[in-house]
Amino acid sequence: MNNRIVWLDQARGFALLGILLANMLLFQYGMWEDLTFRPLNWYDRAAFEWTNIFAVHSFMPLFAFLFAFGMVIMKDHMNQKGNSKFRRVFFRRFLFLGIVGYLHGTYIWDGDILLSYSVIGLILLFLFLNRKPKTLLVWFIIFMALSTLLTYGGAPEAPDQEMKNFLEQSQQIMQYGSYQEIVDHRVNDLPPIFNDTGLLVVMLIIMPFFSFPPFLLGLYVAKKRWLHKPENHLKGIKKAFWLSLFLGFSLKSLTLIWDEPIVYMLSEGIGPLALTVFYITSIVLLAQSRAWKKMLKPFGALGRLSLSNYLMQSVIMTTIFYGYGLGLYGRIGVLAGICLAFACYAVQLIISVWWLKHFKMGLFEWLWRGVTHLKVPELRRKRRMLPEQSNQVKV
């Protein structure tokens, strides 16, 4: 796409760091373990609380916001080219994303978000993408209010004996199981809470209320065009930055010192989205500085390869922690996991910068674009010839 919005790629790259930090708890301890009730060393306890405040439930909304924001950019770009069949293009795009998500969630790691994003993308496409900003704002407020109210009194409870048995069984399989045993466990062995059909139905009904607010906010902000040219809206962006900084960190931290249902509701209902706004406005404001533009450039490279990098994070971490790899599941601690996440991310930054010097996009981005537009995109960058080389070319 010409005239790329640079901060958008940089924000995607930064979001991948936060998602990796949050996912490290899941890579190391599984989808259903709650370390709140596990005895930890003081430094691992501090690392766990730090992750809860800065990353858990705060970077997924950021990625959701950017996903929806990008939908509006892509639709506008197609409209400029006179492509009125944008629904078909988006349908192919989300179908491919859903297939990749299903394969990823089944055969690599059960913490996949791509399949759910493909479903939400289709809902946004047919119900919300063509709505006016005012309509989107109303729906955002409705979903935000309901999702916040649904967290009231929802602080986690200590697992019962049946759940403890399930967690112990999972740990044994993840540490020592073969690839096939781990896949079978992922597909067939569900935690005891899913034995309650009524609870499962309720969860399926209320999940959209938790998922939709950041997507709708992304559509709304993109349609208002506040961040297309941030230099024209710096005053409002700075106000959003300071307000979200105060609300985000204060609400997310409040549960450490105040254990009340309404505090938990504000922390889990409003805190994550406030932090999302803080992270977005931080990237946008930093990108206005010449010095920071250079420093943020590698994040933009990683963000342009976001699908490939996200999938590679799963491959790398499951190989490190699962039995068919190094088998370090549940063994190295939270703080060591954070250090490992930063090391992995640094390597991805370096590789992404190198890759984009030689190729126009990542391999999965190449496949995704090909399926989306039904034509094979050019992958390798053309080498520029030096003047003395061009003189040697025969006409």
# chains A, B, ... in the order shown; residues from 1 in each chain; ligands from 1
>>> closest_atom_pairs(of="range 152-172 of chain A", to="range 322-334 of chain A", cutoff="12 Å", atoms="only C-alpha atoms", output="Markdown table")
| residue | atom | partner | partner_atom | distance |
| --- | --- | --- | --- | --- |
| A:Leu167 | CA | A:Gly330 | CA | 11.1 |
| A:Glu168 | CA | A:Gly330 | CA | 10.8 |
| A:Ser170 | CA | A:Tyr329 | CA | 10.1 |
| A:Gln171 | CA | A:Tyr329 | CA | 7.2 |
| A:Gln172 | CA | A:Gly323 | CA | 9.0 |
>>> write_last_selection(atoms="C-alpha atoms", output="short mmCIF file (atom, residue, chain, number, x, y, z; two decimals), in the first residue's frame")
data_model
loop_
_atom_site.label_atom_id
_atom_site.label_comp_id
_atom_site.auth_asym_id
_atom_site.auth_seq_id
_atom_site.Cartn_x
_atom_site.Cartn_y
_atom_site.Cartn_z
CA LEU A 167 -3.63 -28.95 35.87
CA GLU A 168 -1.25 -31.62 37.20
CA SER A 170 -1.59 -31.12 31.81
CA GLN A 171 1.80 -30.31 33.28
CA GLN A 172 2.96 -33.91 32.97
#
>>> closest_atom_pairs(of="range 97-174 of chain A", to="range 83-90 of chain A", cutoff="9 Å", atoms="only C-alpha atoms", output="Markdown table")
| residue | atom | partner | partner_atom | distance |
| --- | --- | --- | --- | --- |
| A:Gly121 | CA | A:Phe90 | CA | 8.4 |
| A:Leu122 | CA | A:Phe90 | CA | 7.8 |
| A:Leu125 | CA | A:Arg87 | CA | 7.1 |
| A:Phe126 | CA | A:Arg87 | CA | 8.0 |
>>> closest_atom_pairs(of="range 95-141 of chain A", to="range 311-316 of chain A", cutoff="12 Å", atoms="only C-alpha atoms", output="JSON lines")
{"residue": "A:Leu97", "atom": "CA", "partner": "A:Leu311", "partner_atom": "CA", "distance": 11.8}
{"residue": "A:Val100", "atom": "CA", "partner": "A:Leu311", "partner_atom": "CA", "distance": 9.5}
{"residue": "A:Gly101", "atom": "CA", "partner": "A:Leu311", "partner_atom": "CA", "distance": 9.4}
{"residue": "A:Leu103", "atom": "CA", "partner": "A:Leu311", "partner_atom": "CA", "distance": 10.8}
{"residue": "A:His104", "atom": "CA", "partner": "A:Leu311", "partner_atom": "CA", "distance": 7.6}
{"residue": "A:Gly105", "atom": "CA", "partner": "A:Ser314", "partner_atom": "CA", "distance": 9.8}
{"residue": "A:Tyr107", "atom": "CA", "partner": "A:Val315", "partner_atom": "CA", "distance": 10.1}
{"residue": "A:Ile108", "atom": "CA", "partner": "A:Val315", "partner_atom": "CA", "distance": 6.7}
{"residue": "A:Trp109", "atom": "CA", "partner": "A:Ser314", "partner_atom": "CA", "distance": 6.5}
{"residue": "A:Asp110", "atom": "CA", "partner": "A:Ser314", "partner_atom": "CA", "distance": 9.6}
{"residue": "A:Gly111", "atom": "CA", "partner": "A:Ser314", "partner_atom": "CA", "distance": 8.9}
{"residue": "A:Asp112", "atom": "CA", "partner": "A:Ser314", "partner_atom": "CA", "distance": 8.8}
{"residue": "A:Ile113", "atom": "CA", "partner": "A:Leu311", "partner_atom": "CA", "distance": 10.5}
{"residue": "A:Leu114", "atom": "CA", "partner": "A:Leu311", "partner_atom": "CA", "distance": 9.8}
>>> write_last_selection(atoms="C-alpha atoms", output="tab-separated table (two decimals), in the first residue's frame")
chain	number	residue	atom	x	y	z
A	97	LEU	CA	-6.88	-15.92	8.45
A	100	VAL	CA	-4.37	-20.34	9.50
A	101	GLY	CA	-5.80	-19.74	12.97
A	103	LEU	CA	-4.25	-24.92	12.02
A	104	HIS	CA	-2.20	-22.83	14.44
A	105	GLY	CA	-4.54	-23.45	17.37
A	107	TYR	CA	-1.31	-28.19	15.73
A	108	ILE	CA	0.97	-25.59	17.33
A	109	TRP	CA	-0.56	-23.74	20.29
A	110	ASP	CA	-4.02	-23.47	21.80
A	111	GLY	CA	-3.67	-19.77	22.62
A	112	ASP	CA	-4.41	-18.77	19.01
A	113	ILE	CA	-6.19	-15.45	18.39
A	114	LEU	CA	-6.32	-15.56	14.58
>>> closest_residue(among="A:Pro230, A:Ile257, A:Arg4, A:Ile270", to="Leu150 in chain A", atoms="only C-alpha atoms")
A:Ile270
>>> select_by_dssp(residues="range 229-323 of chain A", states="helix (DSSP H, G or I)", output="PyMOL selection string")
chain A and resi 230-232+234-254+261-269+271-286+290-304+306-321
>>> write_last_selection(atoms="C-alpha atoms", output="PDB file, in the first residue's frame")
ATOM      1  CA  PRO A 230      -1.560  13.109  13.860  1.00  0.00           C
ATOM      2  CA  GLU A 231       0.264  16.416  13.506  1.00  0.00           C
ATOM      3  CA  ASN A 232      -3.117  18.048  12.902  1.00  0.00           C
ATOM      4  CA  LEU A 234      -1.750  16.816  18.616  1.00  0.00           C
ATOM      5  CA  LYS A 235      -3.679  18.734  21.273  1.00  0.00           C
ATOM      6  CA  GLY A 236      -6.415  16.099  21.507  1.00  0.00           C
ATOM      7  CA  ILE A 237      -3.920  13.221  21.285  1.00  0.00           C
ATOM      8  CA  LYS A 238      -1.912  14.657  24.188  1.00  0.00           C
ATOM      9  CA  LYS A 239      -5.062  14.973  26.312  1.00  0.00           C
ATOM     10  CA  ALA A 240      -5.925  11.339  25.555  1.00  0.00           C
ATOM     11  CA  PHE A 241      -2.350  10.353  26.431  1.00  0.00           C
ATOM     12  CA  TRP A 242      -2.381  11.921  29.905  1.00  0.00           C
ATOM     13  CA  LEU A 243      -5.911  10.779  30.756  1.00  0.00           C
ATOM     14  CA  SER A 244      -5.267   7.183  29.652  1.00  0.00           C
ATOM     15  CA  LEU A 245      -1.905   7.156  31.460  1.00  0.00           C
ATOM     16  CA  PHE A 246      -3.599   8.068  34.736  1.00  0.00           C
ATOM     17  CA  LEU A 247      -6.639   5.815  34.333  1.00  0.00           C
ATOM     18  CA  GLY A 248      -4.820   2.841  32.855  1.00  0.00           C
ATOM     19  CA  PHE A 249      -2.058   2.355  35.388  1.00  0.00           C
ATOM     20  CA  SER A 250      -4.039   3.456  38.422  1.00  0.00           C
ATOM     21  CA  LEU A 251      -6.980   1.149  37.675  1.00  0.00           C
ATOM     22  CA  LYS A 252      -4.815  -1.817  36.671  1.00  0.00           C
ATOM     23  CA  SER A 253      -2.746  -1.448  39.861  1.00  0.00           C
ATOM     24  CA  LEU A 254      -5.612  -0.780  42.242  1.00  0.00           C
ATOM     25  CA  PRO A 261     -15.780  -6.350  43.563  1.00  0.00           C
ATOM     26  CA  ILE A 262     -16.275  -2.844  42.183  1.00  0.00           C
ATOM     27  CA  VAL A 263     -12.507  -2.250  42.150  1.00  0.00           C
ATOM     28  CA  TYR A 264     -12.014  -5.486  40.222  1.00  0.00           C
ATOM     29  CA  MET A 265     -14.744  -4.376  37.795  1.00  0.00           C
ATOM     30  CA  LEU A 266     -13.041  -1.049  37.093  1.00  0.00           C
ATOM     31  CA  SER A 267      -9.618  -2.686  36.875  1.00  0.00           C
ATOM     32  CA  GLU A 268     -10.618  -5.411  34.413  1.00  0.00           C
ATOM     33  CA  GLY A 269     -13.377  -3.520  32.618  1.00  0.00           C
ATOM     34  CA  GLY A 271      -8.144  -0.478  32.851  1.00  0.00           C
ATOM     35  CA  PRO A 272      -7.074  -2.582  29.824  1.00  0.00           C
ATOM     36  CA  LEU A 273      -8.707  -0.329  27.225  1.00  0.00           C
ATOM     37  CA  ALA A 274      -7.335   2.773  28.956  1.00  0.00           C
ATOM     38  CA  LEU A 275      -3.849   1.264  28.689  1.00  0.00           C
ATOM     39  CA  THR A 276      -4.525   0.500  25.028  1.00  0.00           C
ATOM     40  CA  VAL A 277      -5.239   4.193  24.395  1.00  0.00           C
ATOM     41  CA  PHE A 278      -2.087   5.090  26.339  1.00  0.00           C
ATOM     42  CA  TYR A 279       0.080   2.766  24.243  1.00  0.00           C
ATOM     43  CA  ILE A 280      -1.399   4.034  20.968  1.00  0.00           C
ATOM     44  CA  THR A 281      -1.040   7.713  21.815  1.00  0.00           C
ATOM     45  CA  SER A 282       2.498   7.096  23.096  1.00  0.00           C
ATOM     46  CA  ILE A 283       3.576   5.567  19.775  1.00  0.00           C
ATOM     47  CA  VAL A 284       1.825   8.299  17.782  1.00  0.00           C
ATOM     48  CA  LEU A 285       3.415  11.112  19.807  1.00  0.00           C
ATOM     49  CA  LEU A 286       6.889   9.560  19.781  1.00  0.00           C
ATOM     50  CA  ARG A 290      12.809  12.921  14.421  1.00  0.00           C
ATOM     51  CA  ALA A 291      15.002  11.094  16.947  1.00  0.00           C
ATOM     52  CA  TRP A 292      12.252   8.698  17.953  1.00  0.00           C
ATOM     53  CA  LYS A 293      11.302   8.039  14.325  1.00  0.00           C
ATOM     54  CA  LYS A 294      14.695   6.415  13.846  1.00  0.00           C
ATOM     55  CA  MET A 295      14.416   4.424  17.077  1.00  0.00           C
ATOM     56  CA  LEU A 296      10.923   3.192  16.219  1.00  0.00           C
ATOM     57  CA  LYS A 297      11.877   2.106  12.700  1.00  0.00           C
ATOM     58  CA  PRO A 298      12.751  -1.512  13.690  1.00  0.00           C
ATOM     59  CA  PHE A 299       9.347  -1.828  15.398  1.00  0.00           C
ATOM     60  CA  GLY A 300       7.769  -0.843  12.095  1.00  0.00           C
ATOM     61  CA  ALA A 301       9.699  -3.571  10.289  1.00  0.00           C
ATOM     62  CA  LEU A 302       8.518  -6.168  12.793  1.00  0.00           C
ATOM     63  CA  GLY A 303       4.970  -4.823  12.545  1.00  0.00           C
ATOM     64  CA  ARG A 304       4.945  -5.190   8.763  1.00  0.00           C
ATOM     65  CA  SER A 306       3.239  -9.180  12.202  1.00  0.00           C
ATOM     66  CA  LEU A 307       1.497 -12.388  11.059  1.00  0.00           C
ATOM     67  CA  SER A 308       4.764 -14.221  10.371  1.00  0.00           C
ATOM     68  CA  ASN A 309       6.316 -13.008  13.625  1.00  0.00           C
ATOM     69  CA  TYR A 310       3.245 -13.933  15.674  1.00  0.00           C
ATOM     70  CA  LEU A 311       3.267 -17.481  14.311  1.00  0.00           C
ATOM     71  CA  MET A 312       7.034 -17.783  14.796  1.00  0.00           C
ATOM     72  CA  GLN A 313       6.673 -16.782  18.452  1.00  0.00           C
ATOM     73  CA  SER A 314       4.376 -19.770  18.941  1.00  0.00           C
ATOM     74  CA  VAL A 315       6.729 -22.162  17.137  1.00  0.00           C
ATOM     75  CA  ILE A 316       9.754 -20.969  19.116  1.00  0.00           C
ATOM     76  CA  MET A 317       8.136 -20.961  22.545  1.00  0.00           C
ATOM     77  CA  THR A 318       6.313 -24.270  22.221  1.00  0.00           C
ATOM     78  CA  THR A 319       9.588 -25.858  21.086  1.00  0.00           C
ATOM     79  CA  ILE A 320      11.308 -24.459  24.179  1.00  0.00           C
ATOM     80  CA  PHE A 321       8.622 -25.399  26.707  1.00  0.00           C
TER      81      PHE A 321
END
>>> residues_around(residues="Gly18 in chain A", least_positions_apart="2", cutoff="10 Å", atoms="only C-alpha atoms", output="list in words")
Gly13, Phe14, Ala15, Leu16, Leu20, Leu21, Ala22, Asn23, Met24, Thr51, Phe54, Ala55, Val56, His57, Ser58, Phe59, Met60, Leu62, Phe63, Ala341 and Phe342 of chain A
>>> atom_distance(atom1="CA of Ser211 in chain A", atom2="CA of Phe65 in chain A")
10.6 Å
>>> closest_residue(among="A:Thr106, A:Leu35, A:Ile141, A:Ile53", to="Val183 in chain A", atoms="only C-alpha atoms")
A:Thr106
>>> atom_distance(atom1="CA of His373 in chain A", atom2="CA of Pro213 in chain A")
28.8 Å
>>> atom_distance(atom1="CA of His185 in chain A", atom2="CA of Met207 in chain A")
24.1 Å
>>> residues_around(residues="Leu217 in chain A", least_positions_apart="5", cutoff="9 Å", atoms="only C-alpha atoms", output="list of chain:residue names")
A:Phe65, A:Ala68, A:Phe69, A:Leu136, A:Leu137, A:Phe140, A:Phe212, A:Ala222
>>> residues_around(residues="Pro377 in chain A", least_positions_apart="3", cutoff="8 Å", atoms="only C-alpha atoms", output="PDB file with N, CA and C atoms, in the first residue's frame")
ATOM      1  N   TRP A 366       2.771 -12.681   2.341  1.00  0.00           N
ATOM      2  CA  TRP A 366       2.751 -12.908   0.895  1.00  0.00           C
ATOM      3  C   TRP A 366       1.589 -13.831   0.510  1.00  0.00           C
ATOM      4  N   ARG A 369      -1.791 -11.944   1.190  1.00  0.00           N
ATOM      5  CA  ARG A 369      -2.126 -10.960   0.162  1.00  0.00           C
ATOM      6  C   ARG A 369      -2.517 -11.638  -1.141  1.00  0.00           C
ATOM      7  N   GLY A 370      -1.842 -12.739  -1.487  1.00  0.00           N
ATOM      8  CA  GLY A 370      -2.174 -13.458  -2.706  1.00  0.00           C
ATOM      9  C   GLY A 370      -3.590 -13.991  -2.684  1.00  0.00           C
TER      10      GLY A 370
END
>>> closest_residue(among="A:Lys223, A:Arg12, A:Arg45, A:Lys81", to="Pro133 in chain A", atoms="only C-alpha atoms")
A:Lys223
>>> closest_atom_pairs(of="range 178-223 of chain A", to="range 152-165 of chain A", cutoff="9 Å", atoms="only C-alpha atoms", output="CSV")
residue,atom,partner,partner_atom,distance
A:Pro191,CA,A:Met163,CA,6.8
A:Pro192,CA,A:Met163,CA,6.3
A:Ile193,CA,A:Met163,CA,8.2
>>> write_last_selection(atoms="N, CA and C atoms", output="mmCIF file, in the first residue's frame")
data_model
loop_
_atom_site.group_PDB
_atom_site.id
_atom_site.type_symbol
_atom_site.label_atom_id
_atom_site.label_comp_id
_atom_site.auth_asym_id
_atom_site.auth_seq_id
_atom_site.Cartn_x
_atom_site.Cartn_y
_atom_site.Cartn_z
ATOM 1 N N PRO A 191 -10.828 -28.632 30.471
ATOM 2 C CA PRO A 191 -10.917 -28.488 31.926
ATOM 3 C C PRO A 191 -12.322 -28.773 32.432
ATOM 4 N N PRO A 192 -12.453 -29.096 33.714
ATOM 5 C CA PRO A 192 -13.760 -29.500 34.271
ATOM 6 C C PRO A 192 -14.876 -28.472 34.083
ATOM 7 N N ILE A 193 -14.533 -27.186 33.986
ATOM 8 C CA ILE A 193 -15.583 -26.173 33.873
ATOM 9 C C ILE A 193 -16.418 -26.366 32.615
#
